[in-house]
Every structure is written in structure tokens, then in C-alpha cells.
file data-v8.csv (CSV, C-alpha atoms)
chain,number,residue,atom,x,y,z
X,1,MET,CA,4.7,-0.9,25.5
X,2,ILE,CA,3.5,-3.9,23.5
X,3,GLU,CA,1.6,-5.5,26.4
X,4,PRO,CA,-0.5,-2.4,27.3
X,5,ILE,CA,-1.4,-1.9,23.6
X,6,GLN,CA,-2.4,-5.6,23.3
X,7,ASN,CA,-4.5,-5.3,26.5
X,8,PHE,CA,-6.3,-2.2,25.1
X,9,ILE,CA,-7.0,-4.0,21.8
X,10,GLU,CA,-8.4,-7.0,23.6
X,11,VAL,CA,-10.7,-4.7,25.6
X,12,LEU,CA,-11.9,-3.1,22.3
X,13,ARG,CA,-12.6,-6.4,20.7
X,14,LYS,CA,-15.1,-7.1,23.5
X,15,LYS,CA,-17.1,-4.0,22.7
X,16,PRO,CA,-19.3,-4.5,19.7
X,17,GLN,CA,-20.6,-0.9,20.1
X,18,VAL,CA,-17.3,0.5,18.7
X,19,SER,CA,-18.5,-0.4,15.2
X,20,LYS,CA,-21.3,2.2,15.7
X,21,PHE,CA,-19.0,5.0,16.9
X,22,ASP,CA,-19.1,8.4,15.1
X,23,GLU,CA,-15.9,10.2,14.2
X,24,ASN,CA,-15.4,12.0,17.5
X,25,GLU,CA,-16.0,8.8,19.5
X,26,THR,CA,-13.5,7.0,17.2
X,27,LYS,CA,-10.9,9.7,17.8
X,28,GLN,CA,-11.4,9.8,21.6
X,29,GLY,CA,-12.1,6.2,22.3
X,30,MET,CA,-9.8,4.4,19.8
X,31,ILE,CA,-7.2,6.5,18.0
X,32,LEU,CA,-5.9,8.8,20.7
X,33,PRO,CA,-5.6,6.0,23.3
X,34,VAL,CA,-3.4,4.0,20.8
X,35,LEU,CA,-1.2,7.1,20.2
X,36,GLN,CA,-0.8,7.7,23.9
X,37,LEU,CA,0.2,4.1,24.5
X,38,LEU,CA,2.7,4.5,21.6
X,39,GLY,CA,4.4,7.3,23.6
X,40,TRP,CA,2.8,10.3,22.0
X,41,ASN,CA,1.8,13.1,24.4
X,42,VAL,CA,-1.8,13.6,23.1
X,43,TRP,CA,-2.3,16.5,25.5
X,44,ASP,CA,0.6,18.5,23.9
X,45,THR,CA,-0.9,20.4,21.0
X,46,GLU,CA,2.6,21.0,19.6
X,47,GLU,CA,3.3,17.3,19.5
X,48,VAL,CA,-0.2,15.9,18.5
X,49,LYS,CA,-1.7,18.8,16.6
X,50,SER,CA,-5.3,18.3,15.6
X,51,GLU,CA,-7.0,19.9,12.6
X,52,TYR,CA,-3.6,20.7,11.0
X,53,PRO,CA,-4.0,23.1,8.1
X,54,VAL,CA,-2.5,21.9,4.8
X,55,GLU,CA,-2.1,23.7,1.5
X,56,GLY,CA,-4.2,22.1,-1.2
X,57,LYS,CA,-4.2,22.0,-5.0
X,58,LYS,CA,-6.1,25.3,-5.2
X,59,GLY,CA,-4.1,27.5,-2.9
X,60,PRO,CA,-3.5,28.0,0.8
X,61,GLU,CA,-7.0,27.0,1.8
X,62,GLY,CA,-6.5,23.4,0.9
X,63,GLY,CA,-7.9,21.6,3.9
X,64,ARG,CA,-7.0,20.0,7.2
X,65,VAL,CA,-5.6,16.8,8.4
X,66,ASP,CA,-7.1,15.4,11.6
X,67,TYR,CA,-3.8,14.9,13.3
X,68,CYS,CA,-0.2,15.9,12.6
X,69,LEU,CA,2.4,14.1,14.8
X,70,LYS,CA,5.3,16.4,15.3
X,71,ILE,CA,8.8,16.0,16.9
X,72,LYS,CA,10.8,19.1,17.6
X,73,GLY,CA,8.6,21.1,15.3
X,74,LYS,CA,8.9,18.8,12.3
X,75,SER,CA,5.8,17.1,10.9
X,76,GLU,CA,6.5,13.4,11.0
X,77,VAL,CA,3.1,11.7,10.4
X,78,PHE,CA,-0.2,12.7,9.0
X,79,LEU,CA,-3.2,10.8,10.4
X,80,GLU,CA,-6.7,11.1,9.0
X,81,ALA,CA,-9.5,9.7,11.2
X,82,LYS,CA,-12.9,8.4,10.1
X,83,ARG,CA,-15.7,6.5,11.8
X,84,PRO,CA,-15.6,2.7,11.6
X,85,SER,CA,-18.5,2.5,9.1
X,86,GLU,CA,-16.8,4.9,6.7
X,87,ASP,CA,-15.4,3.7,3.3
X,88,LEU,CA,-11.7,4.6,3.8
X,89,GLU,CA,-10.8,4.2,0.1
X,90,LYS,CA,-12.7,7.5,-0.6
X,91,HIS,CA,-10.2,9.4,1.5
X,92,GLN,CA,-6.8,8.0,0.4
X,93,GLU,CA,-6.0,10.3,-2.5
X,94,GLN,CA,-6.6,13.5,-0.5
X,95,LEU,CA,-4.5,12.3,2.4
X,96,LEU,CA,-1.6,11.4,0.2
X,97,ASP,CA,-1.9,14.6,-1.7
X,98,TYR,CA,-1.6,16.6,1.5
X,99,SER,CA,1.2,14.5,2.8
X,100,PHE,CA,3.2,14.7,-0.5
X,101,ARG,CA,2.8,18.5,-0.6
X,102,GLU,CA,3.9,18.9,3.0
X,103,GLY,CA,6.9,16.5,2.6
X,104,VAL,CA,5.6,14.0,5.2
X,105,ASP,CA,7.1,10.6,4.8
X,106,LEU,CA,4.5,8.5,6.7
X,107,ALA,CA,0.7,8.8,6.5
X,108,ILE,CA,-2.1,6.8,8.1
X,109,LEU,CA,-5.8,6.5,7.4
X,110,SER,CA,-7.7,5.0,10.3
X,111,SER,CA,-11.3,4.2,11.2
X,112,GLY,CA,-10.1,3.0,14.7
X,113,ILE,CA,-10.6,-0.6,13.6
X,114,PHE,CA,-8.7,-0.4,10.3
X,115,TRP,CA,-5.3,1.4,10.1
X,116,TRP,CA,-3.9,1.8,6.6
X,117,PHE,CA,-0.3,2.9,6.3
X,118,TYR,CA,1.2,4.8,3.4
X,119,LEU,CA,4.6,6.0,2.1
X,120,PRO,CA,3.3,9.2,0.4
X,121,ARG,CA,6.5,10.2,-1.3
X,122,LYS,CA,7.0,6.9,-3.1
X,123,LYS,CA,6.7,6.9,-6.9
X,124,GLY,CA,3.7,5.5,-8.7
X,125,HIS,CA,-0.1,5.7,-8.3
X,126,TRP,CA,-1.4,6.7,-4.9
X,127,LYS,CA,-3.0,3.3,-4.4
X,128,GLU,CA,0.5,1.7,-4.7
X,129,ARG,CA,1.8,3.7,-1.8
X,130,LYS,CA,-0.3,1.8,0.7
X,131,PHE,CA,2.1,-0.8,2.2
X,132,TYR,CA,0.5,-2.2,5.3
X,133,ALA,CA,-3.0,-2.7,6.8
X,134,ILE,CA,-4.1,-3.5,10.4
X,135,ASP,CA,-7.5,-4.8,11.4
X,136,ILE,CA,-7.6,-4.8,15.2
X,137,MET,CA,-10.7,-6.9,15.3
X,138,GLN,CA,-9.4,-9.7,13.1
X,139,GLN,CA,-5.6,-9.9,13.4
X,140,ALA,CA,-3.8,-11.3,16.5
X,141,PRO,CA,-3.6,-8.6,19.2
X,142,GLY,CA,0.1,-9.4,19.8
X,143,GLU,CA,1.0,-9.1,16.1
X,144,VAL,CA,-1.0,-5.8,15.8
X,145,SER,CA,0.7,-4.4,18.9
X,146,GLU,CA,4.2,-5.2,17.6
X,147,LYS,CA,3.4,-3.5,14.2
X,148,PHE,CA,2.1,-0.4,15.9
X,149,VAL,CA,5.3,-0.1,17.9
X,150,GLN,CA,7.5,-0.8,14.9
X,151,LEU,CA,5.7,1.7,12.6
X,152,LEU,CA,4.2,4.4,14.8
X,153,SER,CA,5.8,4.5,18.3
X,154,ARG,CA,7.2,7.9,19.1
X,155,ASN,CA,10.7,6.7,19.8
X,156,LYS,CA,11.0,4.8,16.6
X,157,ILE,CA,9.6,7.7,14.6
X,158,GLN,CA,12.1,10.0,16.2
X,159,SER,CA,15.0,7.6,15.6
X,160,GLY,CA,14.0,7.0,12.0
X,161,GLU,CA,13.6,3.3,12.6
X,162,ALA,CA,9.9,3.4,11.9
X,163,LEU,CA,10.5,4.8,8.4
X,164,GLN,CA,13.2,2.2,7.8
X,165,ASN,CA,10.7,-0.5,8.8
X,166,ALA,CA,8.0,0.9,6.5
X,167,LYS,CA,10.4,1.0,3.6
X,168,PHE,CA,11.5,-2.5,4.3
X,169,ILE,CA,7.8,-3.7,4.1
X,170,TYR,CA,7.3,-1.7,1.0
X,171,GLU,CA,10.3,-3.1,-0.8
X,172,GLU,CA,9.5,-6.7,0.3
X,173,MET,CA,5.9,-6.1,-1.0
X,174,ASP,CA,7.3,-4.8,-4.3
X,175,ARG,CA,9.7,-7.8,-4.6
X,176,GLN,CA,6.8,-10.2,-4.1
X,177,LYS,CA,4.6,-8.3,-6.6
X,178,LYS,CA,7.3,-8.6,-9.2
X,179,ILE,CA,7.8,-12.3,-8.5
X,180,ALA,CA,4.0,-12.8,-8.7
X,181,GLU,CA,3.6,-11.1,-12.0
X,182,THR,CA,6.7,-12.7,-13.5
X,183,LEU,CA,6.1,-16.3,-12.5
X,184,PRO,CA,3.1,-16.9,-14.9
X,185,LYS,CA,5.0,-15.1,-17.7
X,186,ALA,CA,8.0,-17.5,-17.1
X,187,TRP,CA,5.7,-20.5,-17.1
X,188,ASN,CA,4.0,-19.4,-20.3
X,189,LYS,CA,7.3,-18.8,-21.9
X,190,ILE,CA,8.4,-22.3,-21.1
X,191,ILE,CA,5.2,-23.8,-22.5
X,192,SER,CA,5.1,-21.6,-25.6
X,193,GLY,CA,8.7,-22.4,-26.5
X,194,ILE,CA,8.5,-26.0,-25.3
X,195,ASP,CA,11.8,-25.7,-23.3
X,196,SER,CA,14.1,-28.6,-23.8
X,197,ARG,CA,14.5,-29.0,-20.0
X,198,LEU,CA,10.7,-29.5,-19.8
X,199,LEU,CA,10.9,-32.1,-22.5
X,200,ASP,CA,13.6,-34.0,-20.6
X,201,LEU,CA,11.7,-33.8,-17.3
X,202,LEU,CA,8.5,-35.2,-18.9
X,203,MET,CA,10.3,-38.0,-20.7
X,204,ASP,CA,12.2,-39.0,-17.6
X,205,THR,CA,9.1,-38.9,-15.4
X,206,THR,CA,7.0,-40.9,-17.9
X,207,GLU,CA,9.7,-43.5,-18.2
X,208,SER,CA,10.0,-43.8,-14.4
X,209,ILE,CA,6.2,-44.4,-14.1
X,210,CYS,CA,5.4,-46.8,-16.9
X,211,GLY,CA,8.9,-48.1,-18.0
X,212,PHE,CA,8.6,-46.7,-21.5
X,213,ARG,CA,10.4,-43.5,-22.7
X,214,PRO,CA,8.5,-41.3,-25.1
X,215,GLY,CA,10.2,-39.5,-27.9
X,216,ASP,CA,10.6,-35.7,-28.4
X,217,ASP,CA,7.8,-35.7,-30.9
X,218,ASP,CA,5.4,-37.4,-28.5
X,219,VAL,CA,6.0,-34.9,-25.8
X,220,ARG,CA,5.8,-31.9,-28.2
X,221,GLU,CA,2.5,-33.1,-29.6
X,222,MET,CA,1.0,-33.5,-26.2
X,223,ILE,CA,2.1,-30.0,-25.0
X,224,THR,CA,0.9,-28.4,-28.3
X,225,HIS,CA,-2.4,-30.1,-28.0
X,226,HIS,CA,-3.0,-28.9,-24.4
X,227,ARG,CA,-1.1,-25.6,-24.7
X,228,GLN,CA,-4.2,-23.4,-24.4
X,229,ASN,CA,-5.2,-25.1,-21.1
X,230,LEU,CA,-1.7,-24.9,-19.8
X,231,MET,CA,-1.3,-21.2,-20.3
X,232,LEU,CA,-1.7,-19.1,-17.1
X,233,PRO,CA,-3.4,-15.7,-16.7
X,234,GLU,CA,-0.8,-13.1,-16.0
X,235,THR,CA,-2.3,-11.6,-12.9
X,236,VAL,CA,-0.8,-9.6,-10.1
X,237,LEU,CA,-1.3,-10.4,-6.4
X,238,PRO,CA,-2.7,-7.7,-4.1
X,239,LYS,CA,0.0,-5.5,-2.7
X,240,THR,CA,-1.1,-4.5,0.7
X,241,TYR,CA,0.4,-6.4,3.6
X,242,THR,CA,-1.5,-7.7,6.6
X,243,LYS,CA,0.8,-10.5,7.4
X,244,SER,CA,3.7,-10.5,9.9
X,245,THR,CA,7.0,-9.2,8.6
X,246,GLU,CA,10.4,-9.8,10.2
X,247,PHE,CA,12.6,-6.7,9.9
X,248,PRO,CA,16.4,-7.0,9.6
X,249,GLY,CA,18.1,-7.4,12.9
X,250,THR,CA,15.0,-8.7,14.7
X,251,LEU,CA,14.8,-12.1,16.3
X,252,LYS,CA,12.4,-14.3,14.4
X,253,LYS,CA,9.8,-15.9,16.8
X,254,GLU,CA,9.2,-19.6,16.2
X,255,LEU,CA,5.4,-19.9,16.6
X,256,THR,CA,4.0,-23.3,17.6
X,257,LYS,CA,1.7,-23.5,14.6
X,258,TYR,CA,4.5,-23.3,12.1
X,259,THR,CA,6.4,-26.3,13.5
X,260,GLU,CA,5.8,-30.0,12.9
X,261,LYS,CA,5.3,-30.4,16.6
X,262,GLY,CA,2.6,-27.6,16.4
X,263,LYS,CA,0.8,-29.2,13.5
X,264,LYS,CA,0.7,-32.5,15.3
X,265,LEU,CA,-0.6,-30.8,18.4
X,266,TYR,CA,-3.4,-29.1,16.4
X,267,LYS,CA,-4.4,-32.4,14.9
X,268,GLU,CA,-4.6,-34.2,18.2
X,269,PHE,CA,-6.5,-31.4,19.9
X,270,PHE,CA,-9.2,-31.2,17.2
X,271,GLN,CA,-9.4,-34.9,16.8
X,272,GLU,CA,-10.3,-35.2,20.4
X,273,LEU,CA,-12.6,-32.2,20.3
X,274,LEU,CA,-14.4,-33.6,17.2
X,275,GLU,CA,-15.0,-37.0,18.8
X,276,LYS,CA,-16.3,-35.5,22.0
X,277,SER,CA,-18.4,-33.0,20.1
X,278,LYS,CA,-20.1,-35.8,18.0
X,279,GLN,CA,-21.4,-37.4,21.2
X,280,LYS,CA,-23.2,-34.2,22.3
X,281,ILE,CA,-24.0,-32.0,19.3
X,282,ASP,CA,-26.0,-32.8,16.2
X,283,LEU,CA,-23.7,-30.7,14.0
X,284,ILE,CA,-21.7,-32.1,11.1
X,285,PHE,CA,-18.1,-30.7,11.1
X,286,ASN,CA,-15.7,-30.7,8.2
X,287,GLU,CA,-13.0,-33.0,9.3
X,288,GLN,CA,-10.6,-31.9,6.6
X,289,ASN,CA,-9.5,-28.8,8.6
X,290,ILE,CA,-8.7,-30.5,11.9
X,291,GLU,CA,-5.0,-29.8,11.4
X,292,LYS,CA,-5.6,-26.1,11.3
X,293,GLU,CA,-6.6,-23.5,13.9
X,294,TRP,CA,-10.3,-24.2,13.5
X,295,LEU,CA,-12.9,-26.8,13.1
X,296,SER,CA,-16.1,-25.7,11.4
X,297,THR,CA,-19.4,-27.1,10.1
X,298,TYR,CA,-20.2,-27.1,6.4
X,299,PRO,CA,-21.9,-23.8,5.5
X,300,ASP,CA,-25.7,-24.1,5.1
X,301,LYS,CA,-27.4,-22.8,2.0
X,302,SER,CA,-27.2,-19.2,3.2
X,303,GLY,CA,-23.5,-19.6,4.1
X,304,ASN,CA,-23.8,-19.8,7.9
X,305,SER,CA,-21.5,-22.1,9.8
X,306,PHE,CA,-20.5,-22.9,13.4
X,307,GLY,CA,-16.8,-23.1,14.3
X,308,TYR,CA,-14.3,-24.0,17.0
X,309,ILE,CA,-11.2,-21.8,16.9
X,310,ILE,CA,-8.1,-21.9,19.1
X,311,THR,CA,-5.2,-19.5,18.6
X,312,LYS,CA,-2.0,-19.4,20.6
X,313,LYS,CA,-3.6,-17.2,23.3
X,314,LYS,CA,-7.4,-17.2,22.8
X,315,PRO,CA,-9.8,-20.0,22.2
X,316,PHE,CA,-13.3,-19.2,21.1
X,317,ILE,CA,-16.4,-20.5,19.2
X,318,GLU,CA,-18.3,-18.6,16.6
X,319,LEU,CA,-21.2,-18.4,14.2
X,320,SER,CA,-20.0,-16.8,11.0
X,321,ASN,CA,-20.9,-16.2,7.4
X,322,TRP,CA,-18.2,-15.7,4.8
X,323,TYR,CA,-19.2,-14.0,1.4
X,324,LYS,CA,-22.7,-15.3,0.9
X,325,ASP,CA,-24.6,-12.8,3.2
X,326,LYS,CA,-23.0,-9.8,1.6
X,327,GLU,CA,-25.8,-7.4,2.6
X,328,LYS,CA,-25.4,-8.6,6.3
X,329,SER,CA,-29.2,-9.1,6.4
X,330,ILE,CA,-28.9,-12.3,8.4
X,331,PHE,CA,-26.5,-10.7,10.9
X,332,ASP,CA,-28.8,-7.7,11.3
X,333,LEU,CA,-31.8,-10.0,12.1
X,334,LEU,CA,-29.7,-11.9,14.6
X,335,PHE,CA,-28.4,-8.6,16.1
X,336,SER,CA,-32.0,-7.3,16.5
X,337,ASN,CA,-32.4,-10.2,19.0
X,338,LYS,CA,-29.1,-9.6,20.7
X,339,ASP,CA,-30.3,-9.3,24.3
X,340,ASP,CA,-32.5,-12.3,24.1
X,341,ILE,CA,-29.8,-14.4,22.4
X,342,GLU,CA,-27.2,-13.5,25.0
X,343,ASN,CA,-29.6,-14.2,27.8
X,344,LYS,CA,-30.2,-17.7,26.5
X,345,ILE,CA,-26.4,-18.3,25.9
X,346,GLY,CA,-25.7,-17.0,29.4
X,347,SER,CA,-22.8,-14.8,28.3
X,348,PRO,CA,-22.1,-11.5,26.4
X,349,LEU,CA,-21.0,-12.2,22.8
X,350,GLU,CA,-18.8,-10.2,20.4
X,351,TRP,CA,-20.9,-9.1,17.4
X,352,LEU,CA,-18.6,-8.3,14.4
X,353,ARG,CA,-20.6,-7.0,11.5
X,354,ASN,CA,-17.3,-6.2,9.6
X,355,ASP,CA,-18.9,-3.5,7.4
X,356,ASN,CA,-15.8,-3.2,5.2
X,357,LYS,CA,-15.5,-7.0,4.7
X,358,GLN,CA,-17.5,-9.7,3.1
X,359,ASN,CA,-18.1,-11.6,6.3
X,360,TRP,CA,-19.7,-11.3,9.7
X,361,ARG,CA,-18.9,-13.2,13.0
X,362,ILE,CA,-20.6,-13.7,16.3
X,363,ILE,CA,-18.0,-14.9,18.9
X,364,LEU,CA,-17.8,-16.2,22.4
X,365,PHE,CA,-14.3,-16.0,23.8
X,366,PHE,CA,-12.9,-18.2,26.6
X,367,ASP,CA,-10.5,-16.5,29.1
X,368,ASP,CA,-8.5,-19.6,30.0
X,369,GLY,CA,-7.1,-22.6,28.2
X,370,SER,CA,-4.2,-23.1,25.9
X,371,ARG,CA,-3.7,-25.1,22.7
X,372,ASP,CA,-0.1,-25.8,23.8
X,373,ASN,CA,-0.8,-27.1,27.3
X,374,ARG,CA,-2.2,-30.7,27.2
X,375,GLU,CA,-3.2,-30.5,30.8
X,376,THR,CA,-5.8,-27.8,30.0
X,377,TRP,CA,-7.3,-29.7,27.0
X,378,PRO,CA,-10.1,-31.7,28.8
X,379,ASP,CA,-11.5,-28.7,30.7
X,380,LEU,CA,-11.2,-26.4,27.6
X,381,GLN,CA,-12.7,-29.0,25.3
X,382,LYS,CA,-15.6,-29.4,27.7
X,383,LYS,CA,-16.2,-25.6,27.9
X,384,MET,CA,-16.1,-25.3,24.1
X,385,ILE,CA,-18.5,-28.1,23.5
X,386,ASP,CA,-20.9,-27.0,26.2
X,387,ALA,CA,-20.9,-23.5,24.7
X,388,MET,CA,-21.3,-24.9,21.2
X,389,THR,CA,-24.3,-26.9,22.4
X,390,LYS,CA,-25.9,-23.7,23.5
X,391,PHE,CA,-25.0,-21.9,20.3
X,392,ALA,CA,-26.6,-24.7,18.2
X,393,LEU,CA,-29.8,-24.7,20.4
X,394,VAL,CA,-30.2,-20.9,20.4
X,395,PHE,CA,-29.1,-20.0,16.9
X,396,SER,CA,-30.2,-23.0,14.8
X,397,PRO,CA,-34.0,-22.4,15.1
X,398,ILE,CA,-33.5,-18.7,14.3
X,399,ILE,CA,-31.4,-19.4,11.3
X,400,GLU,CA,-33.8,-22.0,10.1
X,401,ASN,CA,-36.6,-19.5,10.2
X,402,ILE,CA,-34.5,-16.9,8.4
X,403,ASN,CA,-33.6,-19.4,5.6
X,404,LYS,CA,-37.3,-20.3,5.2
X,405,SER,CA,-38.3,-16.7,4.9
X,406,LYS,CA,-35.7,-16.2,2.2
X,407,ASN,CA,-37.3,-19.0,0.1
call {"tool": "encode", "arguments": {"input": "data-v8.csv", "output": "C-alpha cells"}}
result
Amino acid sequence: MIEPIQNFIEVLRKKPQVSKFDENETKQGMILPVLQLLGWNVWDTEEVKSEYPVEGKKGPEGGRVDYCLKIKGKSEVFLEAKRPSEDLEKHQEQLLDYSFREGVDLAILSSGIFWWFYLPRKKGHWKERKFYAIDIMQQAPGEVSEKFVQLLSRNKIQSGEALQNAKFIYEEMDRQKKIAETLPKAWNKIISGIDSRLLDLLMDTTESICGFRPGDDDVREMITHHRQNLMLPETVLPKTYTKSTEFPGTLKKELTKYTEKGKKLYKEFFQELLEKSKQKIDLIFNEQNIEKEWLSTYPDKSGNSFGYIITKKKPFIELSNWYKDKEKSIFDLLFSNKDDIENKIGSPLEWLRNDNKQNWRIILFFDDGSRDNRETWPDLQKKMIDAMTKFALVFSPIIENINKSKN
């Protein structure tokens, strides 16, 4: 089940036109295919019931949910569908109100690209009931596929395992929220009261560095003098999960990138790539990130940068802008020349405007090559550098003109 979903997601990621879908196209081309791959009979109106009537706050004519997923006549999941460009936050409260009134334990708000998961019957504000978020264009297809199966596959919904997995994520999220909001309070308490253990630690450390041991008064005076700067803001981390979660009883996968061997492999791959790239391309890359999954240029004054990225399964290069081009005006100007740009590059590109995010990306994927197989490195590095050379030659003059026009 996971592999077909992953394959479907990878196909979608190569279709930039999906970001322009209307609501019906989103349902037909993105949401229903995912449900079908998850084991739901989308042709059975008693199992996947569209336009499901729900009682609202003002009586029986409350409204309708796009899809109600049923098993043996019982409503298990409410799913509200919107087009990719829609602001999902506007529709959360109504969906959760309907779900709560109908006694549905799991609700989903989806734009086809974004899938937001909720536990409607949990206590607290409706925003706090959102426990997981999927972005099929940004997150790894394998991880997304696993989460779809764990949280929405028909067999796991029927067995109750999906709800258990959802509650596990919610509880883990709540635990981390409490830790996040308590840690600064604990630190501030230690600083405010000048805990004796902190005094001992500072005196011991000072003595080990300079050979002289300060007295209690010296340390207290230093802390008191700097106390205002040492106090932390008592903020709370965002609650919604997008990262991988290991459920109880599942086998934890040891991904290459989290091992020391994996880190060493990254560093060697990107060191080689950087040296070869310097010989062919007049781009200045930030060498500080060579141990990570990417190697990118320093952003120009408008925030544009070129990057090499290689994940476990998919290497690619990109032109991206994170946060500075919030109105996406640069992207739109580039996209208006899409056909000409792709002809010059010699390959179709993936154009991700990311309307609900503060970034945009233009990507060229490579179908072969692996970060974990040294034998493929020379060919892959050559392909990536050759493609980056074209990227720089094609995009740089256009970006330069855009930057001049903005001045």
C-alpha cells in the first residue's frame, strides 16, 4: 500500500499545474485517488459519502461535509476538501464543529497538497485539536505515505489503530508543548533564586579555567548584574507535527542521515561536489552547510539562491527564495517565461509557488543516483553540476534584470 501511494505522490510533484486546480479537480485528481489507494471504495456511496449533511448550530440545516468515510454504517472520518490556493485556516472551526456534533473522532481538512489532521473531540480550543500536517510537495514521499497509511487507511480506521496512532501523536505533541513552556520557566527560576547548584557549577568551572576559585559573593554579584539579559521569554513552541513519529510497537528505521557514518558520507559527497563545481560555475556556495542534505549559494539581495540537494532517494537542484519574496512577484515573473526557460534548460521543471508558505522553489529532479552509493557519485555529481551550469546561465540574467527593476 505504501509504495503505490508514494508513486502517486511523486507523479503529483512533477505536475506544477496541480497548484492551479479548482475544488472539483482537487477532489477528483488528488483526494479521491489517495483515498482509493488507502483502501477506501470511492465508488461506494455508502462508504465514501459525498456532500454529507450535518446538523449545525442553528438547527437541522447546518451544512454539508465534502466526504464522510463510513464503515458498517458508522461515520468514522469527516474530510473537507478545498482547492490548493485556499486558506485552510478559515475552514477549521466549522469542520471541527460539525465533527464534534456528529461524534466523529477524526477529521481532515485537505487542499490536496496540504492535509491537516484533527481530533475534534479533544478538549481545548479548536486550534489545539490539530495534531498533524502533511505537505505532499515538501515532505519526503515515503514518510508521507507511511503517515497516510497509519492515520487514514481503511483497515487501520476499522481496527481502531488509526485513532490510537492519532492520540499517540497528540499526546506526544502535548508532552513536548509542556516541556517547551516549562523549560524557560525552570531556567528563570534558577536565575531568579540563584540556585546553589548553579553557584557551585560556576565556581568549579571558573577554577578549572583560570586556577582561581571565586567566592559566593562574586558569583552572585555577576548573576545579579546580568540577570535581565539571562532571563528567557516564556514562549510556547508550535504544536502541529510534520515530523516523523514512531508509534509504540513499530520498528524504528535507522536512516543514513542520522548516523555518524551518514554525516561523514554527506560531508565527503558535498566536499567533492563543491570542488568540482568551483571549476565550472561562477557561483559562491556557503561551505558551512556541506555536512547537511544541501549545498546552496548565499542569497542575493532579493533572497534568491541556487542549491544542490540530495535526499536518500531523490537528488535535485533548485532555485529558491525563502521569506524575502513574500508576494511571490519574482516567481510569477519567472513563471511567465516558463516555456522559454524550460526550453533553454532542456528539461521540464517543477514550479512550486507554495501559496501557503513563505517560500517558492523551481526544481530539476534527477531520476537516478544515490547519496549512499559511492559508485554513482561521479556520474551524479557531473549531472548535477552540468544542470546547475545551465540553471546559472539561464536564470542569472533574468534575476539580475528583476533585481535592477526593483531598485
call {"tool": "closest_residue", "arguments": {"input": "data-v8.csv", "among": "X:Glu287, X:Glu350, X:Glu375, X:Glu80", "to": "X:Ile317", "atoms": "only C-alpha atoms"}}
result
X:Glu350
call {"tool": "residues_around", "arguments": {"input": "data-v8.csv", "residues": "X:Lys167", "least_positions_apart": "5", "cutoff": "10 Å", "atoms": "all atoms listed in the file", "output": "ChimeraX atom specification"}}
result
/X:118-119,122,131,161-162,172-173
call {"tool": "atom_distance", "arguments": {"input": "data-v8.csv", "atom1": "atom CA of X:Thr26", "atom2": "atom CA of X:Ala81"}}
result
7.7 Å
call {"tool": "closest_atom_pairs", "arguments": {"input": "data-v8.csv", "of": "stretch 89-184 of chain X", "to": "stretch 71-79 of chain X", "cutoff": "8 Å", "atoms": "all atoms listed in the file", "output": "tab-separated table"}}
result
residue	atom	partner	partner_atom	distance
X:Leu95	CA	X:Phe78	CA	7.9
X:Ser99	CA	X:Phe78	CA	6.6
X:Val104	CA	X:Glu76	CA	5.9
X:Asp105	CA	X:Glu76	CA	6.8
X:Leu106	CA	X:Val77	CA	5.1
X:Ala107	CA	X:Phe78	CA	4.7
X:Ile108	CA	X:Leu79	CA	4.7
X:Leu109	CA	X:Leu79	CA	5.9
X:Ser110	CA	X:Leu79	CA	7.3
X:Ile157	CA	X:Glu76	CA	7.4
X:Gln158	CA	X:Ile71	CA	6.9
call {"tool": "atom_distance", "arguments": {"input": "data-v8.csv", "atom1": "atom CA of X:His91", "atom2": "atom CA of X:Ser111"}}
result
11.1 Å
call {"tool": "closest_atom_pairs", "arguments": {"input": "data-v8.csv", "of": "stretch 132-192 of chain X", "to": "stretch 2-24 of chain X", "cutoff": "8 Å", "atoms": "only C-alpha atoms", "output": "CSV"}}
result
residue,atom,partner,partner_atom,distance
X:Ile136,CA,X:Ile9,CA,6.7
X:Met137,CA,X:Arg13,CA,5.7
X:Pro141,CA,X:Gln6,CA,5.2
X:Gly142,CA,X:Gln6,CA,5.7
X:Val144,CA,X:Gln6,CA,7.6
X:Ser145,CA,X:Ile2,CA,5.4
X:Glu146,CA,X:Ile2,CA,6.1
X:Val149,CA,X:Ile2,CA,7.0
call {"tool": "build_atoms", "arguments": {"input": "data-v8.csv", "residues": "stretch 37-50 of chain X", "atoms": "N, CA and C atoms", "output": "tab-separated table (two decimals), keeping the file's coordinate frame"}}
result
chain	number	residue	atom	x	y	z
X	37	LEU	N	-0.53	5.27	24.07
X	37	LEU	CA	0.20	4.10	24.50
X	37	LEU	C	1.48	3.89	23.64
X	38	LEU	N	1.53	4.54	22.48
X	38	LEU	CA	2.70	4.50	21.60
X	38	LEU	C	3.73	5.57	22.00
X	39	GLY	N	3.46	6.29	23.07
X	39	GLY	CA	4.40	7.30	23.60
X	39	GLY	C	4.21	8.69	23.15
X	40	TRP	N	3.11	8.95	22.43
X	40	TRP	CA	2.80	10.30	22.00
X	40	TRP	C	2.07	11.05	23.13
X	41	ASN	N	2.45	12.31	23.36
X	41	ASN	CA	1.80	13.10	24.40
X	41	ASN	C	0.54	13.76	23.72
X	42	VAL	N	-0.59	13.09	23.84
X	42	VAL	CA	-1.80	13.60	23.10
X	42	VAL	C	-2.33	14.85	23.73
X	43	TRP	N	-1.81	15.28	24.90
X	43	TRP	CA	-2.30	16.50	25.50
X	43	TRP	C	-1.41	17.70	25.09
X	44	ASP	N	-0.32	17.43	24.43
X	44	ASP	CA	0.60	18.50	23.90
X	44	ASP	C	0.19	18.85	22.51
X	45	THR	N	-0.41	20.01	22.32
X	45	THR	CA	-0.90	20.40	21.00
X	45	THR	C	0.23	20.68	20.02
X	46	GLU	N	1.46	20.81	20.51
X	46	GLU	CA	2.60	21.00	19.60
X	46	GLU	C	3.17	19.66	19.17
X	47	GLU	N	2.77	18.58	19.83
X	47	GLU	CA	3.30	17.30	19.50
X	47	GLU	C	2.18	16.47	18.70
X	48	VAL	N	0.96	16.49	19.20
X	48	VAL	CA	-0.20	15.90	18.50
X	48	VAL	C	-1.13	17.01	18.15
X	49	LYS	N	-0.95	17.56	16.97
X	49	LYS	CA	-1.70	18.80	16.60
X	49	LYS	C	-2.92	18.37	15.78
X	50	SER	N	-4.08	18.71	16.29
X	50	SER	CA	-5.30	18.30	15.60
X	50	SER	C	-5.73	19.43	14.62
